[in-house]
Each structure stands twice: as C-alpha cells, then as structure tokens.
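Undergrad: The following file, my_file11.tsv, comprises TSV, C-alpha atoms:
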```
chain	number	residue	atom	x	y	z
A	1	MET	CA	4.76	3.96	-16.71
A	2	THR	CA	7.98	2.35	-15.70
A	3	ASN	CA	11.20	3.19	-17.49
A	4	ASN	CA	12.97	0.15	-16.18
A	5	LYS	CA	15.68	-1.29	-18.34
A	6	THR	CA	15.13	-4.85	-19.49
A	7	ILE	CA	17.82	-7.29	-18.51
A	8	ASN	CA	18.63	-10.61	-20.15
A	9	LEU	CA	19.83	-13.42	-17.95
A	10	GLU	CA	20.12	-17.16	-17.91
A	11	ILE	CA	18.74	-19.39	-15.14
A	12	ASP	CA	19.41	-23.13	-15.30
A	13	GLY	CA	20.16	-22.88	-19.01
A	14	ARG	CA	16.94	-21.03	-19.87
A	15	PHE	CA	16.95	-17.43	-21.02
A	16	PHE	CA	14.73	-14.83	-19.39
A	17	GLN	CA	14.06	-11.12	-19.55
A	18	ALA	CA	13.28	-9.11	-16.47
A	19	ASP	CA	13.19	-5.52	-15.24
A	20	GLU	CA	16.29	-3.98	-13.76
A	21	GLY	CA	16.23	-3.99	-9.96
A	22	MET	CA	14.58	-7.38	-9.58
A	23	THR	CA	16.42	-10.01	-7.58
A	24	ILE	CA	17.39	-13.46	-8.86
A	25	LEU	CA	14.81	-15.03	-6.54
A	26	GLU	CA	12.01	-12.82	-7.86
A	27	VAL	CA	12.77	-13.77	-11.47
A	28	ALA	CA	13.10	-17.46	-10.59
A	29	ARG	CA	9.79	-17.50	-8.67
A	30	ARG	CA	8.07	-15.67	-11.53
A	31	GLU	CA	9.28	-18.36	-13.94
A	32	GLY	CA	8.29	-21.20	-11.63
A	33	ILE	CA	11.83	-22.21	-10.73
A	34	GLU	CA	11.94	-23.41	-7.16
A	35	ILE	CA	14.51	-22.05	-4.74
A	36	PRO	CA	14.08	-22.99	-1.07
A	37	THR	CA	13.80	-20.13	1.46
A	38	LEU	CA	13.16	-19.78	5.18
A	39	CYS	CA	13.43	-16.06	5.95
A	40	GLN	CA	11.91	-14.72	2.73
A	41	HIS	CA	8.43	-13.18	2.66
A	42	ASP	CA	6.96	-11.30	-0.30
A	43	ALA	CA	5.64	-8.48	1.85
A	44	LEU	CA	8.84	-7.92	3.80
A	45	GLU	CA	12.28	-6.62	2.93
A	46	PRO	CA	14.74	-9.43	2.15
A	47	VAL	CA	17.65	-9.73	4.58
A	48	GLY	CA	19.46	-12.92	3.54
A	49	ALA	CA	19.42	-14.32	7.06
A	50	CYS	CA	18.78	-18.01	6.40
A	51	ARG	CA	21.01	-18.27	3.31
A	52	LEU	CA	19.04	-21.28	2.04
A	53	CYS	CA	18.33	-19.47	-1.22
A	54	LEU	CA	22.00	-19.74	-2.24
A	55	VAL	CA	22.54	-20.01	-6.00
A	56	GLU	CA	25.67	-20.14	-8.09
A	57	ILE	CA	26.37	-17.24	-10.40
A	58	THR	CA	28.84	-16.62	-13.14
A	59	HIS	CA	29.21	-14.32	-16.14
A	60	PRO	CA	30.92	-14.70	-19.53
A	61	ASN	CA	33.14	-11.69	-18.64
A	62	TRP	CA	34.21	-13.04	-15.27
A	63	LYS	CA	36.94	-15.32	-16.70
A	64	GLY	CA	35.51	-18.47	-15.17
A	65	TRP	CA	34.96	-16.99	-11.70
A	66	LYS	CA	31.84	-18.24	-10.02
A	67	GLY	CA	30.40	-17.89	-6.57
A	68	LEU	CA	27.50	-18.62	-4.28
A	69	VAL	CA	25.21	-15.70	-3.50
A	70	THR	CA	21.87	-15.29	-1.73
A	71	SER	CA	19.33	-15.04	-4.54
A	72	CYS	CA	16.87	-13.05	-2.39
A	73	LEU	CA	19.28	-10.11	-2.27
A	74	TYR	CA	21.30	-10.32	-5.48
A	75	PRO	CA	20.08	-7.90	-8.15
A	76	ILE	CA	20.06	-9.29	-11.67
A	77	GLU	CA	22.54	-7.99	-14.21
A	78	GLU	CA	22.99	-8.29	-17.96
A	79	GLY	CA	24.29	-11.66	-19.09
A	80	LEU	CA	24.27	-13.25	-15.62
A	81	GLN	CA	24.29	-17.05	-15.61
A	82	VAL	CA	22.54	-18.60	-12.61
A	83	THR	CA	22.46	-22.21	-11.48
A	84	THR	CA	19.82	-22.94	-8.85
A	85	ASN	CA	20.80	-26.48	-8.03
A	86	ASN	CA	23.97	-28.51	-8.35
A	87	PRO	CA	25.90	-30.79	-5.94
A	88	GLU	CA	27.81	-27.84	-4.43
A	89	ILE	CA	24.66	-25.84	-3.71
A	90	HIS	CA	22.97	-28.95	-2.36
A	91	THR	CA	25.88	-29.54	0.03
A	92	ALA	CA	25.82	-25.90	1.16
A	93	ARG	CA	22.08	-26.04	1.84
A	94	LYS	CA	22.45	-29.35	3.60
A	95	THR	CA	25.16	-27.93	5.87
A	96	LEU	CA	22.98	-24.91	6.66
A	97	LEU	CA	20.09	-27.13	7.67
A	98	ASP	CA	22.46	-29.33	9.65
A	99	LEU	CA	23.63	-26.23	11.56
A	100	LEU	CA	20.06	-25.04	12.09
A	101	LEU	CA	19.19	-28.45	13.45
A	102	ALA	CA	22.15	-28.24	15.84
A	103	ARG	CA	20.80	-24.90	17.03
A	104	CYS	CA	17.14	-25.91	17.20
A	105	PRO	CA	16.86	-29.71	17.45
A	106	GLU	CA	13.31	-29.44	18.79
A	107	ALA	CA	11.87	-27.18	16.06
A	108	THR	CA	9.52	-29.40	14.06
A	109	TYR	CA	9.59	-27.09	11.05
A	110	ILE	CA	13.38	-27.33	10.84
A	111	GLN	CA	13.21	-31.10	11.34
A	112	LYS	CA	10.84	-31.27	8.37
A	113	CYS	CA	13.06	-29.10	6.16
A	114	ALA	CA	16.18	-31.05	7.12
A	115	ALA	CA	14.45	-34.35	6.41
A	116	GLU	CA	13.90	-33.17	2.83
A	117	TYR	CA	17.67	-33.04	2.52
A	118	GLY	CA	18.08	-36.42	4.17
A	119	ILE	CA	19.13	-35.16	7.60
A	120	THR	CA	17.38	-36.74	10.55
A	121	ALA	CA	19.90	-35.82	13.26
A	122	THR	CA	22.51	-33.09	13.30
A	123	SER	CA	26.14	-34.04	12.79
A	124	PHE	CA	27.26	-31.08	14.89
A	125	LYS	CA	27.23	-30.65	18.64
A	126	LYS	CA	23.76	-29.68	19.81
A	127	ARG	CA	23.32	-26.27	21.39
A	128	GLU	CA	23.08	-26.59	25.16
A	129	GLU	CA	20.70	-23.72	25.71
A	130	GLU	CA	17.41	-24.83	24.22
A	131	THR	CA	15.76	-22.66	21.61
A	132	THR	CA	13.52	-23.01	18.61
A	133	CYS	CA	14.36	-19.54	17.21
A	134	ILE	CA	16.18	-19.77	13.89
A	135	LEU	CA	16.90	-16.01	13.81
A	136	CYS	CA	15.13	-15.55	10.48
A	137	GLY	CA	14.04	-12.09	11.61
A	138	LEU	CA	10.53	-12.39	10.15
A	139	CYS	CA	9.04	-11.19	13.45
A	140	VAL	CA	11.23	-8.10	13.56
A	141	ARG	CA	10.45	-7.23	9.96
A	142	VAL	CA	6.71	-7.83	10.27
A	143	CYS	CA	6.64	-5.59	13.34
A	144	ALA	CA	8.38	-2.88	11.33
A	145	ALA	CA	5.93	-3.38	8.45
A	146	LYS	CA	3.03	-2.88	10.84
A	147	GLY	CA	4.68	0.38	11.86
A	148	CYS	CA	5.43	-0.54	15.46
A	149	ASN	CA	9.12	-1.50	15.61
A	150	ALA	CA	8.61	-2.93	19.07
A	151	ILE	CA	11.03	-5.86	18.88
A	152	GLY	CA	14.52	-6.26	17.51
A	153	ALA	CA	17.62	-8.42	17.30
A	154	THR	CA	20.18	-8.19	20.07
A	155	GLY	CA	23.75	-9.40	20.35
A	156	ARG	CA	26.08	-10.79	17.73
A	157	GLY	CA	27.24	-14.26	16.80
A	158	ILE	CA	26.28	-17.01	19.20
A	159	THR	CA	24.58	-14.57	21.58
A	160	LYS	CA	22.30	-13.13	18.89
A	161	GLY	CA	18.65	-13.30	19.76
A	162	ILE	CA	15.27	-11.71	19.22
A	163	ALA	CA	14.36	-9.55	22.16
A	164	VAL	CA	12.54	-6.52	23.44
A	165	PRO	CA	14.41	-3.34	24.47
A	166	PHE	CA	16.02	-3.68	27.93
A	167	ARG	CA	14.12	-6.97	28.41
A	168	GLN	CA	11.12	-4.91	29.48
A	169	PRO	CA	7.61	-4.98	27.97
A	170	PRO	CA	8.13	-2.87	24.82
A	171	PRO	CA	6.20	0.43	24.93
A	172	ASP	CA	5.55	0.34	21.16
A	173	CYS	CA	3.96	-3.12	21.18
A	174	ILE	CA	0.24	-3.04	20.38
A	175	GLY	CA	-0.33	-6.73	21.08
A	176	CYS	CA	-1.32	-7.63	17.50
A	177	ALA	CA	0.64	-10.91	17.72
A	178	SER	CA	1.68	-10.64	14.06
A	179	CYS	CA	5.18	-11.69	15.17
A	180	ALA	CA	3.75	-14.88	16.68
A	181	HIS	CA	1.60	-15.61	13.61
A	182	ILE	CA	4.48	-15.27	11.16
A	183	CYS	CA	7.06	-17.19	13.24
A	184	PRO	CA	7.78	-20.40	11.25
A	185	THR	CA	8.83	-22.35	14.34
A	186	ASP	CA	6.17	-21.01	16.76
A	187	THR	CA	8.86	-19.68	19.09
A	188	ILE	CA	6.97	-16.51	19.97
A	189	LYS	CA	4.14	-17.38	22.29
A	190	TYR	CA	1.08	-15.50	23.39
A	191	THR	CA	-1.91	-16.44	25.46
A	192	ASP	CA	-5.42	-15.16	25.07
A	193	THR	CA	-7.98	-15.26	27.82
A	194	GLU	CA	-11.44	-13.69	27.88
A	195	ASP	CA	-10.08	-10.34	29.05
A	196	LEU	CA	-6.35	-10.34	28.46
A	197	ARG	CA	-3.73	-11.08	25.85
A	198	LYS	CA	-0.28	-11.80	27.27
A	199	ILE	CA	2.63	-11.22	24.90
A	200	TRP	CA	6.18	-9.92	25.37
A	201	GLY	CA	5.54	-9.38	29.07
A	202	HIS	CA	2.54	-7.16	28.39
A	203	LYS	CA	-1.00	-7.73	29.56
A	204	PHE	CA	-3.32	-6.13	27.02
A	205	LYS	CA	-6.97	-5.58	27.79
A	206	MET	CA	-9.09	-7.11	25.03
A	207	VAL	CA	-11.96	-5.44	23.22
A	208	LYS	CA	-15.04	-7.64	23.33
A	209	CYS	CA	-17.25	-8.27	20.32
A	210	VAL	CA	-20.22	-5.92	20.66
A	211	SER	CA	-22.56	-8.74	19.74
A	212	CYS	CA	-21.32	-11.98	21.32
A	213	GLY	CA	-18.77	-10.74	23.87
A	214	ARG	CA	-15.88	-12.85	22.64
A	215	PRO	CA	-12.48	-11.12	22.61
A	216	VAL	CA	-11.63	-9.52	19.24
A	217	MET	CA	-8.32	-7.69	19.63
A	218	PRO	CA	-6.41	-5.70	22.25
A	219	GLU	CA	-7.68	-2.19	22.95
A	220	LYS	CA	-4.32	-0.69	22.06
A	221	GLN	CA	-4.34	-2.45	18.69
A	222	LEU	CA	-7.86	-1.24	17.96
A	223	GLU	CA	-6.84	2.39	18.49
A	224	PHE	CA	-3.71	1.91	16.39
A	225	GLU	CA	-5.40	0.16	13.48
A	226	ALA	CA	-8.39	2.49	13.34
A	227	ALA	CA	-6.13	5.54	13.23
A	228	LYS	CA	-3.78	3.98	10.68
A	229	ALA	CA	-6.51	2.86	8.28
A	230	GLY	CA	-8.68	5.93	8.82
A	231	LEU	CA	-11.61	3.72	9.71
A	232	ASP	CA	-14.26	4.20	12.35
A	233	ALA	CA	-13.40	2.01	15.34
A	234	LYS	CA	-16.82	0.34	15.07
A	235	TYR	CA	-15.56	-1.57	12.02
A	236	LEU	CA	-13.19	-3.44	14.30
A	237	THR	CA	-15.42	-4.26	17.25
A	238	THR	CA	-17.51	-7.09	15.79
A	239	CYS	CA	-16.09	-10.57	15.41
A	240	PRO	CA	-16.21	-12.15	11.92
A	241	GLN	CA	-18.84	-14.70	12.94
A	242	CYS	CA	-21.22	-12.07	14.31
A	243	SER	CA	-20.69	-9.90	11.21
A	244	GLN	CA	-21.75	-12.84	9.07
A	245	ASP	CA	-24.74	-13.60	11.29
A	246	GLN	CA	-25.87	-9.98	11.02
A	247	THR	CA	-25.54	-10.03	7.22
A	248	LEU	CA	-27.54	-13.23	7.10
A	249	ALA	CA	-30.27	-11.74	9.28
A	250	THR	CA	-30.39	-8.58	7.16
A	251	VAL	CA	-30.73	-10.54	3.93
A	252	GLN	CA	-33.45	-12.73	5.43
A	253	SER	CA	-35.46	-9.79	6.71
A	254	SER	CA	-35.23	-8.18	3.27
A	255	PHE	CA	-36.87	-11.29	1.82
A	256	GLN	CA	-39.81	-10.93	4.17
A	257	SER	CA	-40.30	-7.23	3.67
A	258	LYS	CA	-39.74	-6.89	-0.08
A	259	THR	CA	-39.91	-9.99	-2.22
A	260	VAL	CA	-42.74	-11.64	-0.34
A	261	PRO	CA	-45.06	-8.78	0.62
A	262	GLY	CA	-48.00	-10.86	1.74
A	263	GLY	CA	-46.20	-12.87	4.43
A	264	SER	CA	-45.06	-16.41	3.90
A	265	LEU	CA	-43.93	-17.66	0.54
A	266	GLU	CA	-46.69	-20.25	0.27
A	267	VAL	CA	-49.29	-17.48	0.40
A	268	ALA	CA	-47.45	-15.45	-2.17
A	269	ARG	CA	-47.27	-18.34	-4.57
B	1	MET	CA	-18.49	-3.31	-18.44
B	2	GLU	CA	-17.21	-5.66	-15.78
B	3	LYS	CA	-19.20	-8.79	-15.20
B	4	THR	CA	-20.64	-9.41	-11.75
B	5	LEU	CA	-21.80	-12.43	-9.85
B	6	VAL	CA	-25.58	-12.12	-9.87
B	7	ILE	CA	-27.44	-14.00	-7.15
B	8	THR	CA	-31.15	-14.81	-7.50
B	9	PRO	CA	-32.06	-16.21	-4.06
B	10	SER	CA	-35.55	-17.31	-5.07
B	11	ARG	CA	-34.04	-20.05	-7.25
B	12	CYS	CA	-31.64	-21.34	-4.57
B	13	THR	CA	-32.25	-24.79	-3.12
B	14	ALA	CA	-29.24	-24.55	-0.75
B	15	CYS	CA	-27.79	-27.66	-2.36
B	16	LYS	CA	-24.32	-26.28	-1.54
B	17	THR	CA	-22.90	-27.21	-4.92
B	18	CYS	CA	-21.39	-23.72	-5.01
B	19	GLU	CA	-19.52	-24.39	-1.76
B	20	LEU	CA	-18.18	-27.66	-3.15
B	21	ALA	CA	-17.19	-26.12	-6.48
B	22	CYS	CA	-15.43	-23.28	-4.66
B	23	SER	CA	-13.57	-25.59	-2.30
B	24	PHE	CA	-12.36	-27.87	-5.03
B	25	LYS	CA	-11.29	-24.94	-7.16
B	26	HIS	CA	-9.30	-23.18	-4.41
B	27	VAL	CA	-8.51	-25.40	-1.46
B	28	ARG	CA	-5.79	-28.03	-1.49
B	29	ASN	CA	-7.97	-30.86	-0.22
B	30	GLY	CA	-11.38	-29.42	-1.02
B	31	ALA	CA	-12.02	-28.56	2.64
B	32	LEU	CA	-15.55	-27.12	2.79
B	33	GLY	CA	-14.72	-24.86	5.73
B	34	LEU	CA	-12.58	-22.71	3.47
B	35	SER	CA	-15.17	-22.17	0.77
B	36	ARG	CA	-15.38	-18.52	-0.24
B	37	ILE	CA	-19.13	-18.77	-0.68
B	38	ARG	CA	-21.76	-19.90	1.81
B	39	ALA	CA	-25.25	-21.27	1.22
B	40	PHE	CA	-27.66	-21.22	4.17
B	41	MET	CA	-30.72	-23.42	4.16
B	42	ARG	CA	-33.65	-21.42	5.49
B	43	GLY	CA	-36.58	-23.03	3.69
B	44	GLU	CA	-37.73	-22.91	0.11
B	45	GLY	CA	-37.40	-19.48	-1.44
B	46	LYS	CA	-35.69	-18.16	1.69
B	47	ASN	CA	-32.27	-19.67	1.23
B	48	VAL	CA	-29.39	-17.27	1.49
B	49	ILE	CA	-26.14	-17.16	-0.43
B	50	LEU	CA	-23.37	-15.09	1.11
B	51	THR	CA	-20.14	-14.21	-0.60
B	52	CYS	CA	-17.87	-11.19	-0.91
B	53	PHE	CA	-19.58	-8.05	-2.26
B	54	GLN	CA	-16.26	-6.73	-3.68
B	55	CYS	CA	-17.03	-3.37	-2.03
B	56	ASP	CA	-15.89	-0.20	-3.78
B	57	GLU	CA	-14.44	1.21	-0.59
B	58	ALA	CA	-13.48	-2.01	1.07
B	59	ALA	CA	-12.58	-2.03	4.74
B	60	CYS	CA	-10.38	-5.11	4.26
B	61	VAL	CA	-8.20	-3.27	1.76
B	62	LYS	CA	-7.96	-0.25	4.05
B	63	VAL	CA	-6.77	-2.18	7.10
B	64	CYS	CA	-4.31	-4.57	5.41
B	65	PRO	CA	-0.89	-3.57	6.77
B	66	VAL	CA	1.08	-5.09	3.89
B	67	THR	CA	-1.21	-4.27	0.91
B	68	ALA	CA	-1.80	-7.95	0.26
B	69	LEU	CA	-5.37	-7.14	-0.81
B	70	THR	CA	-5.65	-5.45	-4.18
B	71	ARG	CA	-8.37	-4.99	-6.76
B	72	SER	CA	-7.88	-6.96	-9.95
B	73	GLU	CA	-8.04	-4.79	-13.05
B	74	SER	CA	-9.55	-7.54	-15.19
B	75	THR	CA	-12.36	-8.73	-12.92
B	76	GLY	CA	-12.76	-5.90	-10.42
B	77	ALA	CA	-12.55	-8.43	-7.60
B	78	ILE	CA	-10.41	-7.86	-4.53
B	79	GLU	CA	-7.74	-10.56	-4.49
B	80	VAL	CA	-5.44	-11.83	-1.74
B	81	ASP	CA	-1.78	-12.01	-2.69
B	82	GLU	CA	-0.99	-15.21	-0.82
B	83	GLY	CA	2.73	-14.50	-0.84
B	84	ARG	CA	2.29	-11.10	0.76
B	85	CYS	CA	-0.42	-11.97	3.31
B	86	ILE	CA	1.00	-12.18	6.83
B	87	GLY	CA	-2.13	-13.81	8.23
B	88	CYS	CA	-2.78	-11.15	10.88
B	89	GLY	CA	-6.54	-11.63	10.48
B	90	LEU	CA	-7.31	-7.92	10.59
B	91	CYS	CA	-9.31	-8.05	7.35
B	92	SER	CA	-11.58	-10.73	8.84
B	93	VAL	CA	-12.47	-8.43	11.71
B	94	ALA	CA	-12.75	-5.33	9.53
B	95	CYS	CA	-15.17	-6.80	6.96
B	96	PRO	CA	-18.57	-5.51	8.09
B	97	PHE	CA	-20.28	-8.49	6.42
B	98	GLY	CA	-18.09	-11.30	7.76
B	99	HIS	CA	-17.12	-12.45	4.29
B	100	MET	CA	-13.39	-12.86	4.86
B	101	ASN	CA	-12.25	-16.34	5.66
B	102	HIS	CA	-8.99	-17.36	7.30
B	103	ASP	CA	-6.92	-20.42	6.46
B	104	SER	CA	-5.39	-21.23	9.84
B	105	ALA	CA	-3.16	-23.99	8.46
B	106	MET	CA	-1.56	-21.78	5.82
B	107	ARG	CA	-1.94	-18.65	7.99
B	108	ILE	CA	-3.41	-16.56	5.20
B	109	ALA	CA	-6.67	-14.77	4.49
B	110	VAL	CA	-8.92	-16.30	1.86
B	111	LYS	CA	-11.72	-14.60	-0.04
B	112	CYS	CA	-13.69	-14.73	-3.26
B	113	ASP	CA	-11.62	-13.58	-6.24
B	114	LEU	CA	-14.31	-14.52	-8.83
B	115	CYS	CA	-11.89	-17.29	-9.92
B	116	LYS	CA	-10.00	-14.71	-12.04
B	117	GLY	CA	-13.06	-14.28	-14.23
B	118	GLU	CA	-14.55	-17.78	-14.36
B	119	PRO	CA	-16.38	-18.37	-11.07
B	120	ALA	CA	-16.71	-22.10	-10.45
B	121	CYS	CA	-19.79	-21.55	-8.27
B	122	ALA	CA	-21.70	-20.02	-11.20
B	123	THR	CA	-20.47	-22.71	-13.60
B	124	PHE	CA	-21.72	-25.53	-11.39
B	125	CYS	CA	-24.89	-23.96	-9.93
B	126	PRO	CA	-27.67	-26.32	-11.12
B	127	THR	CA	-30.52	-23.83	-10.66
B	128	ARG	CA	-28.86	-20.71	-12.13
B	129	THR	CA	-29.08	-18.99	-8.76
B	130	LEU	CA	-25.54	-17.87	-9.38
B	131	GLU	CA	-24.84	-16.29	-12.73
B	132	TYR	CA	-21.78	-14.45	-13.92
B	133	LYS	CA	-22.93	-11.87	-16.41
```
What does this structure look like when you write it as structure tokens?
TA:
Amino acid sequence: MTNNKTINLEIDGRFFQADEGMTILEVARREGIEIPTLCQHDALEPVGACRLCLVEITHPNWKGWKGLVTSCLYPIEEGLQVTTNNPEIHTARKTLLDLLLARCPEATYIQKCAAEYGITATSFKKREEETTCILCGLCVRVCAAKGCNAIGATGRGITKGIAVPFRQPPPDCIGCASCAHICPTDTIKYTDTEDLRKIWGHKFKMVKCVSCGRPVMPEKQLEFEAAKAGLDAKYLTTCPQCSQDQTLATVQSSFQSKTVPGGSLEVAR
Amino acid sequence: MEKTLVITPSRCTACKTCELACSFKHVRNGALGLSRIRAFMRGEGKNVILTCFQCDEAACVKVCPVTALTRSESTGAIEVDEGRCIGCGLCSVACPFGHMNHDSAMRIAVKCDLCKGEPACATFCPTRTLEYK
C-alpha cells in the first residue's frame, strides 16, 4: 500500500494526476506524450546528461517566471504547468544536437537524431580529436546496476571521458559487455573469439557451451552471475540454441515412450 | 483460476500459423525469427510446439540484473519490460529450455507474454492444437 500524495499538474494544456515523487518525464511517458531523450533508461537512475528532455515549466504562483528544466530529473509539484514543445524548446534541442554533432560527427546515431531536427552538418567547429562518445553515461550506470562499478567518468569539461581506473584493465570488470550493448553510438568495443573476450584491456577466458562448444560467457561473469542470482552454475553453461534442441529432443522422446506405446504412429492408429 | 496455454501436439500439423500470428502481433515488421512460439515439423502426430512454460521459479527472472522480467498478476505470464531491459542476454542463457528470444536490432529480450491474456497463436490455430483455457 502506497501512501503517496496525488499531485495535479498540467502538461501541454491537459490535466493529469500522478503520485508524488514521479518526474515530469515519467508522467508524460505514461500519458503517451513524447519527449526525446538520449541518456534516459527506465532501469537506470536518471542523470540529466544529454539535456534533450528539456521542457518549459511555470506555475500560477511564480508571477510569470518560467524556465527550462530536464524533465527526467524534475519532480512534479502541485499546479505545475509543463510545455513539452514550443519554438524555444525546439531551438534548445536543436542547439544541443548541433553541439553533439560537433563533438561526434561520425556517430551515425547522432547524425540520425540531428537529421530529425533538420541538421545535416554541424554549424560549430568540429572536435579535432575523433570520438563517438556522447558522454551519456549509460555504460557507467549499467555497470553500477550490474553491481560491478568497473568503469567511470574522468575529467571535467572538454576533457571529460569514460574510462577505467588508472587506464589499466579494471579489476572489477567481469567482461559481461553490458556497457557495449547499451552504448547508443557503439563506442565501446569488444571482440569475441572462440576462447577469449577482449574488453577494456582485459582478456577473459570464455566458458564453452557444454553441448556444442561455442563460447557462452566469460568465466568470471559466470561465477559472478551464478553467485548473484543464487543459481547453480550449470544453468549458465548451455547456449540458448542447445537448450532449445535439448527441450525439443525431450519432448519428442516423450511422444515415443508415452503417447504412442506400440512404436510408430501408423501402427498405433 | 488463471488460464493457461494448453498444447495438444497430436493435433498439430506444423502449419506455423502460430508463428505468423505471434510475429504479426508483436514484431514491428512481422519478422518470423522473433516469434515467441516455435513449431517444428517432425512428421504427422510428432510435431512439436515450443513456447515459454512460464516457470514458477524462473531462472530468467532470477538472473535479470535490472528486474525487467516480472510476473503479470492478471495472466501469470512472465513479461519483459522493454523499457527496463538492457539487452544483456543473460536470460537467454539462463533459460534451461531455450525459450527466450533476443531482438538484436532493438537490443532487448523477447518472450511469450500470453498477449496480455489473448494469445494470438491460440486464436489463429486452425486445428485447436493451441487453446487458451
């Protein structure tokens, strides 16, 4: 039972009720109002890094004051009036994407997002040092959510980057590659071979599928996941395809032994 | 009592209508590879239908690092919260039956959610192999 207070607010001229503690973005998404985001993920803590989710807020008591806030972080309050799109917000978002494109001109995902706002080439000076990292921090947060905290952000301002402690292979990394999977611009790379997964300077030995011998996951990850979930490690040593093949074989053999006792189906019929 | 998807393999002709119905219900372009149900042609009376068993103590739910897999109170099916899923693929490996599927384009796990109580596979099955009762 939740004792949350109900809050009344207005988004784009429509009135909504929501529980105290929700953010503007959560209410808007629930009501099907679209607000663009880059760094937001439902499973991860919001950080307001990309600032694309900017919305304009005002309040009858604020004497006409209004301002742009990141909707992913701003908690709703009684009587709040939110505008999710107007020319000012559009310009702000456009500038943000223009800046991102100046930072990462080669990132196809950013090119696609910018094109939606009519930007094909950045109007700013392109960054000299090539990168495709937009500093959304999804990789850092997903690593924390997994319980590893192996990577982090370093530096401030123009030197900010995603890195591993002391530029050495991080001791807490389990090689799960969740950071690479969640990266919207595919900046984080890893390579899998039959025996090894290379990521963040590590070389992880892979566990082979007990049935077909294809690599399943790094040994270190297997230990970590089995302990965390309280599962027997044997649950994690068969690849999905072999698991399905085994289920199929089991079901088929049950047909022969039970439903058709006399042998083939033609005989039974 | 909760309804379940009842499979009677002896009636199955492996026509794969269930796969089609599933794909068109769930997948953006009806891609068959992402169907949550599989029909295997193994000869008359021996055809096999495989789909999620909605295990009571599901390994996929246990391993999910972000609790994106939860059991629906209305249908009893384990559902993927597509917003929460980080696409790590751990549930695919953990499922002892190989019933988890992975959408590599969207980077999310996909599985049978009994269509929130109206399974399209059962609706379209021409031989009543699949029944929701």
Undergrad: Which residues are near A:Val216? Cut-off 6 Å, all atoms listed in the file, ignore same chain within fewer than 6 positions. Put them as a short mmCIF file (atom, residue, chain, number, x, y, z; two decimals) with C-alpha atoms, keeping the file's coordinate frame.
TA:
```cif
data_model
loop_
_atom_site.label_atom_id
_atom_site.label_comp_id
_atom_site.auth_asym_id
_atom_site.auth_seq_id
_atom_site.Cartn_x
_atom_site.Cartn_y
_atom_site.Cartn_z
CA VAL A 207 -11.96 -5.44 23.22
CA LYS A 208 -15.04 -7.64 23.33
CA CYS A 209 -17.25 -8.27 20.32
CA CYS A 239 -16.09 -10.57 15.41
#
```
Undergrad: Determine which residues of chain A sit within 6 Å of chain B, taking into account all atoms listed in the file, and present them as an MDAnalysis selection string.
TA: chainID A and resid 42:43 146 178 229 235:236 239:240 243:244 247
Undergrad: Identify, on the basis of only C-alpha atoms, every residue whose closest approach to A:Ile119 does not exceed 10 Å; exclude the query and any residue fewer than 2 positions from it along the same chain; express the result as a list in words.
TA: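 In the requested form, the answer reads Lys94, Thr95, Leu97, Asp98, Leu101, Gln111, Lys112, Cys113, Ala114, Ala115, Glu116, Tyr117, Ala121, Thr122 and Ser123 of chain A.
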Undergrad: Using the file's own x, y and z axes, so that the box edges lie along x, y and z, what centre and edge lengths in Å (one decimal) does a box around every listed atom of stretch 13-27 of chain B get when 3 Å is added on each side? Give it as lines of an AutoDock Vina configuration file.
TA:
```
center_x = -20.4
center_y = -25.5
center_z = -4.0
size_x = 29.7
size_y = 10.7
size_z = 12.4
```
Undergrad: Ranking A:Arg214, A:Arg93, A:Arg103, A:Arg141 by minimum distance to A:Lys125 and counting all atoms listed in the file, which one comes first?
TA: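 Of A:Arg214, A:Arg93, A:Arg103, A:Arg141, the one nearest A:Lys125, counting all atoms listed in the file, is A:Arg103.
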Undergrad: Can you tell me, as number ranges by chain, which residues sit within 6 Å of (20.4, -14.3, 9.5) in the file's frame, using all atoms listed in the file?
TA: A: 49-50, 135-136
Undergrad: At a cut-off of 8 Å, using all atoms listed in the file, what residues contact stretch 122-131 of chain B? Leave out same-chain residues fewer than 2 positions from it and give the result as an MDAnalysis selection string.
TA: chainID B and resid 5:13 17:18 21 118:120 133
